[in-house]
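S.K.: One structure, pasted below without further comment.
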Number of protein chains: 4
Amino acid sequence: MIYLNCDYLEGCHPAILEALTRTNLEQTVGYGMDDYCAQAKDMIRSRFACPDSAVHFVVGGTQANTIVIASALRPYEGALCAHTGHINVHETGAIESSGHKCMAIPAADGKITPEQILAEVALQGDDEHMVRPGMVYISMSTELGTVYTLAELEAIYAACRKTGLYLFVDGARLGYALAAPQCDITPEDLPRLCDVFTIGGTKVGALFGEAIVINHPDLMPRFRYMIKQRGGMLAKGRLLGLQFTTLMQDDLYFRIAEKAVEQAQRIRTALLDNNIPLLVDSPTNQLFGVFTHAQAAQLAKDFHLENNGVVDDDHIALRICTSWATTEENVAALLSAIAGL
Amino acid sequence: MIYLNCDYLEGCHPAILEALTRTNLEQTVGYGMDDYCAQAKDMIRSRFACPDSAVHFVVGGTQANTIVIASALRPYEGALCAHTGHINVHETGAIESSGHKCMAIPAADGKITPEQILAEVALQGDDEHMVRPGMVYISMSTELGTVYTLAELEAIYAACRKTGLYLFVDGARLGYALAAPQCDITPEDLPRLCDVFTIGGTKVGALFGEAIVINHPDLMPRFRYMIKQRGGMLAKGRLLGLQFTTLMQDDLYFRIAEKAVEQAQRIRTALLDNNIPLLVDSPTNQLFGVFTHAQAAQLAKDFHLENNGVVDDDHIALRICTSWATTEENVAALLSAIAGL
Amino acid sequence: MIYLNCDYLEGCHPAILEALTRTNLEQTVGYGMDDYCAQAKDMIRSRFACPDSAVHFVVGGTQANTIVIASALRPYEGALCAHTGHINVHETGAIESSGHKCMAIPAADGKITPEQILAEVALQGDDEHMVRPGMVYISMSTELGTVYTLAELEAIYAACRKTGLYLFVDGARLGYALAAPQCDITPEDLPRLCDVFTIGGTKVGALFGEAIVINHPDLMPRFRYMIKQRGGMLAKGRLLGLQFTTLMQDDLYFRIAEKAVEQAQRIRTALLDNNIPLLVDSPTNQLFGVFTHAQAAQLAKDFHLENNGVVDDDHIALRICTSWATTEENVAALLSAIAGL
Amino acid sequence: MIYLNCDYLEGCHPAILEALTRTNLEQTVGYGMDDYCAQAKDMIRSRFACPDSAVHFVVGGTQANTIVIASALRPYEGALCAHTGHINVHETGAIESSGHKCMAIPAADGKITPEQILAEVALQGDDEHMVRPGMVYISMSTELGTVYTLAELEAIYAACRKTGLYLFVDGARLGYALAAPQCDITPEDLPRLCDVFTIGGTKVGALFGEAIVINHPDLMPRFRYMIKQRGGMLAKGRLLGLQFTTLMQDDLYFRIAEKAVEQAQRIRTALLDNNIPLLVDSPTNQLFGVFTHAQAAQLAKDFHLENNGVVDDDHIALRICTSWATTEENVAALLSAIAGL
């Protein structure tokens with residue numbers, strides 16, 4: 001059975017395990033105050049061209065999202081997001097459990113627009129009976145594999161600044177987004193186009209770990225209190241530092257993401273060539289093919305893909321996902337299977 | 001200027017002020033443990049034919065909703081509700097501030113269906129990454145003035161029991177709902193058709209106050225702890241007891257609601273007779289007329305109505321609301337104004 | 001049976017019921033935006049000499065405390081308070097339910113000192129593993145009936161400003177505190193000596209209601225959102241406005257408090273004259289006498305007092321409480337009973 | 001510089017890194033549903049003789065404590081704990097941020113007694129104005145290095161069952177506790193003496209990770225929802241499974257803890273032999289010596305120990321901590337330094 005259902009099936013890039021093994025018996029201070037974390041933060045600030053940003057590391061994405069949002073919002077504020085947004089759908093109400101409403105906006109392809117943001121703000125007016133939008137949350141890439149372009153991101157951030165909202169870019173799959181052929185955003189662009197973003201490690205080569213990059217000075221003070229309170233502070237914080245120094249070294253993070261996207265795009269071509277429609281057209285490492293039940297059953301003999309919901313009586317959507325660890329053998333096997341449908 | 005924009009413009013039915021004045025210098029124990037509260041609870045249990053239900057009083061509707069929901073749900077559970085539901089729109093995220101998601105269901109007329117409930121439960125499956133529906137919240141009458149019929153309520157409660165959800169009926173306007181000509185639900189029906197409901201006093205003759213009636217035994221233990229913690233326990237609880245004894249006496253609550261609904265329905269006829277469309281057709285004390293801007297401007301000279309949002313470039317919806325206190329003079333003035341549009 | 005166990009046994013000062021009755025059928029806008037509220041706010045700002053303070057009204061004390069504290073603190077901050085503080089003991093964890101720790105400081109007489117505040121802040125240092133003190137909460141009068149002097153309050157506020165903490169004065173019994181013979185604080189002093197305080201109506205002549213006076217500009221923005229979200233916004237807000245205009249008129253609030261304190265101090269003298277020790281010596285309307293079980297049983301024949309806990313095997317503390325409504329007959333009866341012990 | 005300040009200075013036992021490396025490119029399902037987690041759970045259930053217990057893994061201790069407590073308590077309940085308890089002091093108010101009060105009990109040596117528990121429950125009575133104790137939280141070993149004996153734990157659990165409280169044993173340092181010479185509790189005893197406990201990996205050989213063992217059936221349903229919502233669910237859950245299979249294999253967990261305790265006890269003897277008093281006498285891997293400032297300065301030249309607070313004008317307490325990774329060389333160096341004080 002070949003698994004292509006998600007991008008967190010394997011452990012980590014071997015270079016990370018080597019770094020952990022090499023440094024294993026060193027003594028370091030805890031809670032992320034060690035030199036490896038300091039070095040990783042510097043490498044991120046340098047690569048993303050944001051010398052004044054604050055960088056923090058936490059273990060997972062739900063933690064990162066909850067900590068950022070709970071830290072940024074006042075108690076009566078909510079986060080505007082696509083109705084498909086991870087915080088709205090797949091975090092068991094973590095944001096609500098911190099007291100804040102996910103204010104969902106319809107988004108067929110997982111992306112929201114500046115017009116939608118402005119309309120929502122206008123709707124709430126200054127009415128204290130309604131939740132006040134305090135932030136816009138977008139995912140890059142989105143939960144449907146799509147990406148914002150530079151022009152789109154600029155327009156969204158302009159809408160946010162105009163209305164006094166923070167912009168938070170959830171980069172759980174940031175590497176795959178930036179590797180998309182049609183994505184004209186560079187790492188250096190990101191810090192000037194949002195107030196806070198994350199660099200996802202879990203899905204792009206790390207054992208675990210997300211970097212939180214805070215660009216807006218108002219979001220910086222005492223952020224470590226939030227991390228500790230919400231269970232995101234790793235005692236042996238160096239594990240996070242070591243992973244991110246390894247991933248930032250020689251652009252490893254970006255190179256392994258690029259490979260996965262290239263594999264996915266070959267699969268995309270095969271799907272289209274074989275008349276398998278796409279639920280949403282994605283330029284990144286996640287594809288959402290619409291299969292007949294017979295086709296799905298045929299694929300299921302050899303491949304574990306992810307059920308993404310019934311499309312109609314005759315069709316089902318399946319997520320196909322490559323990652324830094326996907327082998328060429330597995331890609332070839334899938335291409336061959338698709339051709340045989 | 002005549003106000004017909006909402007149903008909490010005046011103080012209270014004079015009989016309540018008389019009762020407060022008559023008993024003012026009596027000494028009673030605090031926090032709702034006094035004889036007036038005991039008597040009011042008995043009167044409610046008797047009138048609604050629910051001798052085994054627990055009855056509590058709180059000051060306001062947002063309190064009542066938050067306390068009931070926060071008490072009934074586990075931390076990872078949410079409340080299914082119409083997207084127009086008061087908890088979803090007009091309580092500044094009070095439910096989320098207690099940690100729970102409002103799981104909004106589209107509802108053009110403010111009402112949800114058993115099919116929608118079952119579909120939502122099926123969608124969440126047993127997936128721990130998603131909020132688990134733990135309750136269904138409906139309003140009676142709804143925020144758009146509509147009412148559930150007996151058959152509809154029975155079907156919703158059956159869907160709830162089948163899926164293990166509690167059913168909570170927000171009766172902030174219960175009096176007006178039960179007074180609707182087409183509502184075939186009686187007070188005696190309600191306790192067997194939901195797990196908990198409220199009897200709204202604020203909008204139906206009281207100075208303030210909502211009665212919470214708990215029918216399901218699992219929701220009863222230590223409910224007073226919840227009331228106290230959430231700021232709903234009035235020190236001089238007798239004020240609530242006295243108001244509800246007065247309202248239950250000789251069905252005052254139902255009679256004054258009936259009068260208001262009768263007035264509203266005369267206005268509804270006038271609107272239709274004068275070709276003013278209705279946003280939603282309501283059989284209760286709230287009407288939502290769709291007016292041209294010119295018509296709205298004409299009315300605004302003498303009447304304060306509530307802006308219920310832009311309908312299209314040429315039209316605006318205005319809420320017209322009668323109450324226990326609406327005078328015949330004001331109704332007559334409005335009928336005349338509508339005729340003159 | 002004569003009740004002298006608490007200060008919320010009766011309804012309200014008759015002038016309030018008269019005002020409610022007189023205005024009952026007037027139409028006003030809701031949620032505290034009416035003219036009576038505006039007038040009451042102006043009267044408070046004038047009497048307390050704080051023209052730039054923001055004034056809000058809520059129904060009860062637990063609401064007031066939770067709303068103020070949840071509004072002022074960051075998620076990782078707590079409120080320093082006496083271990084006897086109302087928020088720490090008698091609000092069913094309302095503050096914790098809003099996410100914040102009550103950081104209790106030992107206080108035999110209910111009062112805390114600047115030295116204790118500075119020591120707590122020094123202890124927490126800048127350690128993100130510990131709750132950060134964000135506010136000092138004191139009660140005036142305290143839960144044990146004691147009061148801070150002007151010098152004490154000045155020193156506490158100086159300690160707060162030095163350490164960047166807000167100072168919140170819970171004035172649920174503010175009238176009785178200011179009426180204490182040994183209290184050299186005036187209404188005009190209060191706004192310059194704390195960042196936010198409340199003026200308790202419930203225990204000093206109102207049916208219900210607390211005024212929140214915000215002096216620090218940082219605590220002002222969007223405070224009404226907090227009130228609404230936490231269930232403190234009364235639909236018929238005018239009920240609060242009318243009560244406070246009545247209480248502020250001709251210093252009624254202060255005069256009725258003065259009478260109650262004078263009565264209590266006569267009882268205090270009687271206790272001491274009859275060798276009944278005091279748990280804490282209080283100059284306000286609450287007294288805590290230490291009685292033998294025989295004495296307590298003797299008193300219990302005619303008087304309902306409040307059990308304030310076992311002192312030792314032979315003694316029990318009883319709270320005796322006067323109020324704006326306490327009659328001279330009842331005081332005389334108690335004085336006579338004490339003399340007969 | 002030799003670090004002996006805490007027990008999370010190094011990476012992990014080498015056998016764990018070997019296991020991670022060996023399995024790195026295997027494909028497994030996520031979120032702890034993989035075979036390694038299943039195997040680790042079975043090994044724990046077997047070693048602790050609790051075939052019917054539920055076992056879950058989370059990344060860190062603050063997560064484990066918050067998830068267990070937030071899952072077990074009703075909104076108005078709190079957790080009784082020693083005032084020195086980790087949840088009360090060193091988790092930045094994580095428990096309060098989940099809505100629950102830490103109800104601190106004085107405990108000079110970090111241990112609480114059944115009498116204290118019963119007294120607290122009696123004090124709260126059935127008073128809805130006070131937080132209701134819902135759970136007892138104890139640490140094993142405590143934050144001061146002490147341990148409960150079998151008789152003590154039995155008596156505490158009996159008190160809990162008598163009063164309807166859950167008993168939660170925080171085992172962040174469980175290995176070191178069970179290795180204490182005077183601890184007569186075995187792994188097999190634990191499940192019958194509490195409702196839920198944790199087995200700390202972070203401080204006893206793992207890179208990170210805590211096992212939560214739930215013995216009481218009422219605490220089991222939908223626990224994974226709580227883990228996910230509170231950010232404790234690791235995408236690559238197998239990392240936790242692999243660590244605990246390694247630690248449970250051939251009792252590695254217990255053996256490495258034993259070595260550390262033996263080292264610490266030699267240091268303890270040296271302290272006492274050299275007239276260094278102990279703040280609290282600890283039989284585990286944490287020692288709290290009371291040093292003069294001159295002695296502390298002397299030690300600080302070569303050793304990094306943890307400041308545990310000022311004892312008096314002349315003395316300071318320093319924590320000395322051994323761990324599974326502490327070398328004999330470092331112990332010998334410290335012994336020699338102590339002898340030279």
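Residue numbering restarts at 1 in every chain; chains get A, B, ... in the order shown in the structure tokens, and ligands count up from 1 in that same order.
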Please run DSSP on the backbone and report, as a ChimeraX atom specification, all residues within segment 78-271 of chain C that come out as strand (DSSP E or B).

M.R.: /C:78-82,102-105,132-139,166-170,196-200,210-214

S.K.: Give me the residues of chain D that have any atom at most 8 Å from an atom of chain B; for each, the nearest atom pair and the distance in Å, rounded to one decimal. Use only C-alpha atoms, sort by chain and number, and format it as a Markdown table.

M.R.:
| residue | atom | partner | partner_atom | distance |
| --- | --- | --- | --- | --- |
| D:Ala70 | CA | B:Pro75 | CA | 7.8 |
| D:Ser71 | CA | B:Pro75 | CA | 7.4 |
| D:Pro75 | CA | B:Ser71 | CA | 7.4 |
| D:Tyr76 | CA | B:Tyr225 | CA | 6.3 |
| D:Glu128 | CA | B:Tyr225 | CA | 4.7 |
| D:His129 | CA | B:Lys228 | CA | 6.4 |
| D:Arg222 | CA | B:Glu128 | CA | 7.7 |
| D:Arg224 | CA | B:Glu128 | CA | 6.3 |
| D:Tyr225 | CA | B:Glu128 | CA | 4.7 |
| D:Met226 | CA | B:Tyr76 | CA | 6.5 |
| D:Lys228 | CA | B:His129 | CA | 6.4 |
| D:Gln229 | CA | B:Tyr76 | CA | 7.0 |

S.K.: Excluding Arg47 of chain A and its own-chain neighbours fewer than 4 positions away, which residues fall within 9 Å of it when counting only C-alpha atoms? Please give them as a list in words.

M.R.: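 Contacts, in chain order: Asp42, Met43, Pro187, Glu188, Met248 and Asp251 of chain A.
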
S.K.: For the residues in the current selection, export N, CA and C atoms as a PDB file, in the first residue's frame.

M.R.:
ATOM      1  N   ASP A  42      17.919  33.810  13.804  1.00  0.00           N
ATOM      2  CA  ASP A  42      18.708  34.694  12.947  1.00  0.00           C
ATOM      3  C   ASP A  42      18.650  34.248  11.488  1.00  0.00           C
ATOM      4  N   MET A  43      18.727  32.950  11.271  1.00  0.00           N
ATOM      5  CA  MET A  43      18.688  32.460   9.892  1.00  0.00           C
ATOM      6  C   MET A  43      17.346  32.776   9.237  1.00  0.00           C
ATOM      7  N   PRO A 187      10.097  34.737  -0.239  1.00  0.00           N
ATOM      8  CA  PRO A 187      10.232  34.813   1.225  1.00  0.00           C
ATOM      9  C   PRO A 187      10.456  36.244   1.691  1.00  0.00           C
ATOM     10  N   GLU A 188      11.210  36.995   0.919  1.00  0.00           N
ATOM     11  CA  GLU A 188      11.509  38.370   1.335  1.00  0.00           C
ATOM     12  C   GLU A 188      10.268  39.257   1.303  1.00  0.00           C
ATOM     13  N   MET A 248      16.847  25.734   7.309  1.00  0.00           N
ATOM     14  CA  MET A 248      17.216  27.013   6.677  1.00  0.00           C
ATOM     15  C   MET A 248      18.578  26.929   5.992  1.00  0.00           C
ATOM     16  N   ASP A 251      18.961  26.674   2.120  1.00  0.00           N
ATOM     17  CA  ASP A 251      17.592  26.644   1.576  1.00  0.00           C
ATOM     18  C   ASP A 251      17.002  25.241   1.487  1.00  0.00           C
TER      19      ASP A 251
END

S.K.: In Å, rounded to a single decimal, give me how far atom CA of Gly164 of chain A is from atom CA of Gly61 of chain A.

M.R.: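 Straight-line distance from atom CA of Gly61 of chain A to atom CA of Gly164 of chain A works out to 25.3 Å.
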
S.K.: Would you list, as a PyMOL selection string, the residues of segment 197-283 of chain A that end up in alpha helix (DSSP H) under DSSP run on this structure's backbone?

M.R.: chain A and resi 223-229+238-248+252-273

S.K.: Kindly export the residues of the current selection with N, CA, C and O atoms, as a short mmCIF file (atom, residue, chain, number, x, y, z; two decimals), in the first residue's frame.

M.R.:
data_model
loop_
_atom_site.label_atom_id
_atom_site.label_comp_id
_atom_site.auth_asym_id
_atom_site.auth_seq_id
_atom_site.Cartn_x
_atom_site.Cartn_y
_atom_site.Cartn_z
N PHE A 223 5.13 37.68 24.32
CA PHE A 223 4.55 36.58 23.55
C PHE A 223 4.92 35.23 24.16
O PHE A 223 4.16 34.27 24.06
N ARG A 224 6.08 35.17 24.80
CA ARG A 224 6.48 33.90 25.41
C ARG A 224 5.54 33.49 26.56
O ARG A 224 5.37 32.30 26.83
N TYR A 225 4.93 34.45 27.24
CA TYR A 225 3.92 34.10 28.24
C TYR A 225 2.78 33.32 27.58
O TYR A 225 2.27 32.33 28.13
N MET A 226 2.35 33.80 26.42
CA MET A 226 1.26 33.13 25.72
C MET A 226 1.67 31.70 25.32
O MET A 226 0.89 30.76 25.44
N ILE A 227 2.90 31.57 24.82
CA ILE A 227 3.37 30.25 24.40
C ILE A 227 3.36 29.29 25.59
O ILE A 227 2.88 28.15 25.49
N LYS A 228 3.87 29.77 26.71
CA LYS A 228 3.93 28.89 27.89
C LYS A 228 2.52 28.53 28.36
O LYS A 228 2.21 27.37 28.63
N GLN A 229 1.67 29.53 28.49
CA GLN A 229 0.33 29.28 29.02
C GLN A 229 -0.45 28.30 28.16
O GLN A 229 -1.20 27.47 28.68
N ARG A 238 15.68 23.37 22.21
CA ARG A 238 16.72 23.23 21.18
C ARG A 238 16.31 22.30 20.07
O ARG A 238 16.80 22.42 18.95
N LEU A 239 15.41 21.37 20.37
CA LEU A 239 14.95 20.46 19.32
C LEU A 239 14.31 21.25 18.18
O LEU A 239 14.41 20.87 17.01
N LEU A 240 13.68 22.33 18.52
CA LEU A 240 13.07 23.18 17.50
C LEU A 240 14.14 24.01 16.81
O LEU A 240 14.15 24.15 15.59
N GLY A 241 15.05 24.56 17.60
CA GLY A 241 16.13 25.34 17.01
C GLY A 241 16.94 24.52 16.02
O GLY A 241 17.22 24.96 14.90
N LEU A 242 17.29 23.32 16.43
CA LEU A 242 18.12 22.47 15.56
C LEU A 242 17.40 22.13 14.26
O LEU A 242 18.03 22.04 13.19
N GLN A 243 16.12 21.89 14.35
CA GLN A 243 15.39 21.55 13.14
C GLN A 243 15.34 22.73 12.17
O GLN A 243 15.50 22.56 10.96
N PHE A 244 15.13 23.90 12.71
CA PHE A 244 15.02 25.04 11.80
C PHE A 244 16.38 25.52 11.29
O PHE A 244 16.47 26.03 10.17
N THR A 245 17.44 25.36 12.06
CA THR A 245 18.75 25.69 11.47
C THR A 245 19.03 24.73 10.32
O THR A 245 19.54 25.13 9.27
N THR A 246 18.67 23.48 10.50
CA THR A 246 18.90 22.50 9.43
C THR A 246 18.07 22.84 8.20
O THR A 246 18.55 22.79 7.06
N LEU A 247 16.84 23.19 8.41
CA LEU A 247 15.96 23.48 7.27
C LEU A 247 16.34 24.78 6.56
O LEU A 247 16.16 24.90 5.33
N MET A 248 16.85 25.73 7.31
CA MET A 248 17.22 27.01 6.68
C MET A 248 18.58 26.93 5.99
O MET A 248 18.88 27.71 5.08
N LEU A 252 17.43 24.36 2.37
CA LEU A 252 16.89 22.99 2.33
C LEU A 252 15.36 23.01 2.33
O LEU A 252 14.71 22.28 1.58
N TYR A 253 14.78 23.85 3.20
CA TYR A 253 13.32 23.93 3.31
C TYR A 253 12.66 24.19 1.97
O TYR A 253 11.67 23.54 1.60
N PHE A 254 13.22 25.11 1.21
CA PHE A 254 12.59 25.50 -0.05
C PHE A 254 12.85 24.45 -1.13
O PHE A 254 11.99 24.18 -1.97
N ARG A 255 14.03 23.84 -1.08
CA ARG A 255 14.37 22.86 -2.12
C ARG A 255 13.52 21.59 -2.02
O ARG A 255 13.06 21.07 -3.03
N ILE A 256 13.31 21.13 -0.80
CA ILE A 256 12.52 19.89 -0.68
C ILE A 256 11.04 20.16 -0.99
O ILE A 256 10.33 19.29 -1.49
N ALA A 257 10.59 21.37 -0.70
CA ALA A 257 9.21 21.71 -1.05
C ALA A 257 9.05 21.78 -2.57
O ALA A 257 8.03 21.33 -3.12
N GLU A 258 10.04 22.32 -3.22
CA GLU A 258 9.99 22.45 -4.67
C GLU A 258 9.87 21.08 -5.35
O GLU A 258 9.08 20.90 -6.29
N LYS A 259 10.63 20.13 -4.84
CA LYS A 259 10.59 18.79 -5.40
C LYS A 259 9.18 18.19 -5.27
O LYS A 259 8.63 17.62 -6.22
N ALA A 260 8.58 18.37 -4.11
CA ALA A 260 7.24 17.81 -3.89
C ALA A 260 6.21 18.45 -4.80
O ALA A 260 5.31 17.78 -5.33
N VAL A 261 6.33 19.76 -4.99
CA VAL A 261 5.37 20.45 -5.86
C VAL A 261 5.55 19.99 -7.30
O VAL A 261 4.57 19.77 -8.02
N GLU A 262 6.78 19.82 -7.69
CA GLU A 262 7.04 19.35 -9.06
C GLU A 262 6.39 17.98 -9.27
O GLU A 262 5.75 17.72 -10.30
N GLN A 263 6.53 17.11 -8.29
CA GLN A 263 5.90 15.78 -8.39
C GLN A 263 4.38 15.92 -8.49
O GLN A 263 3.73 15.27 -9.30
N ALA A 264 3.82 16.76 -7.64
CA ALA A 264 2.37 16.93 -7.64
C ALA A 264 1.87 17.46 -8.97
O ALA A 264 0.83 17.04 -9.48
N GLN A 265 2.63 18.37 -9.55
CA GLN A 265 2.16 18.98 -10.79
C GLN A 265 2.21 17.97 -11.94
O GLN A 265 1.39 18.03 -12.87
N ARG A 266 3.14 17.03 -11.86
CA ARG A 266 3.11 15.95 -12.86
C ARG A 266 1.85 15.10 -12.69
O ARG A 266 1.22 14.68 -13.66
N ILE A 267 1.48 14.86 -11.44
CA ILE A 267 0.25 14.09 -11.18
C ILE A 267 -0.97 14.88 -11.68
O ILE A 267 -1.89 14.33 -12.27
N ARG A 268 -0.93 16.20 -11.43
CA ARG A 268 -2.04 17.04 -11.92
C ARG A 268 -2.20 16.91 -13.43
O ARG A 268 -3.31 16.74 -13.95
N THR A 269 -1.11 16.98 -14.14
CA THR A 269 -1.17 16.85 -15.59
C THR A 269 -1.76 15.49 -15.99
O THR A 269 -2.62 15.40 -16.88
N ALA A 270 -1.35 14.47 -15.29
CA ALA A 270 -1.87 13.14 -15.59
C ALA A 270 -3.37 13.06 -15.35
O ALA A 270 -4.12 12.46 -16.13
N LEU A 271 -3.82 13.67 -14.27
CA LEU A 271 -5.27 13.67 -13.98
C LEU A 271 -6.03 14.35 -15.12
O LEU A 271 -7.00 13.80 -15.65
N LEU A 272 -5.57 15.52 -15.50
CA LEU A 272 -6.26 16.26 -16.55
C LEU A 272 -6.17 15.52 -17.88
O LEU A 272 -7.16 15.43 -18.62
N ASP A 273 -5.02 14.96 -18.14
CA ASP A 273 -4.85 14.20 -19.39
C ASP A 273 -5.81 13.02 -19.45
O ASP A 273 -6.21 12.56 -20.52
#
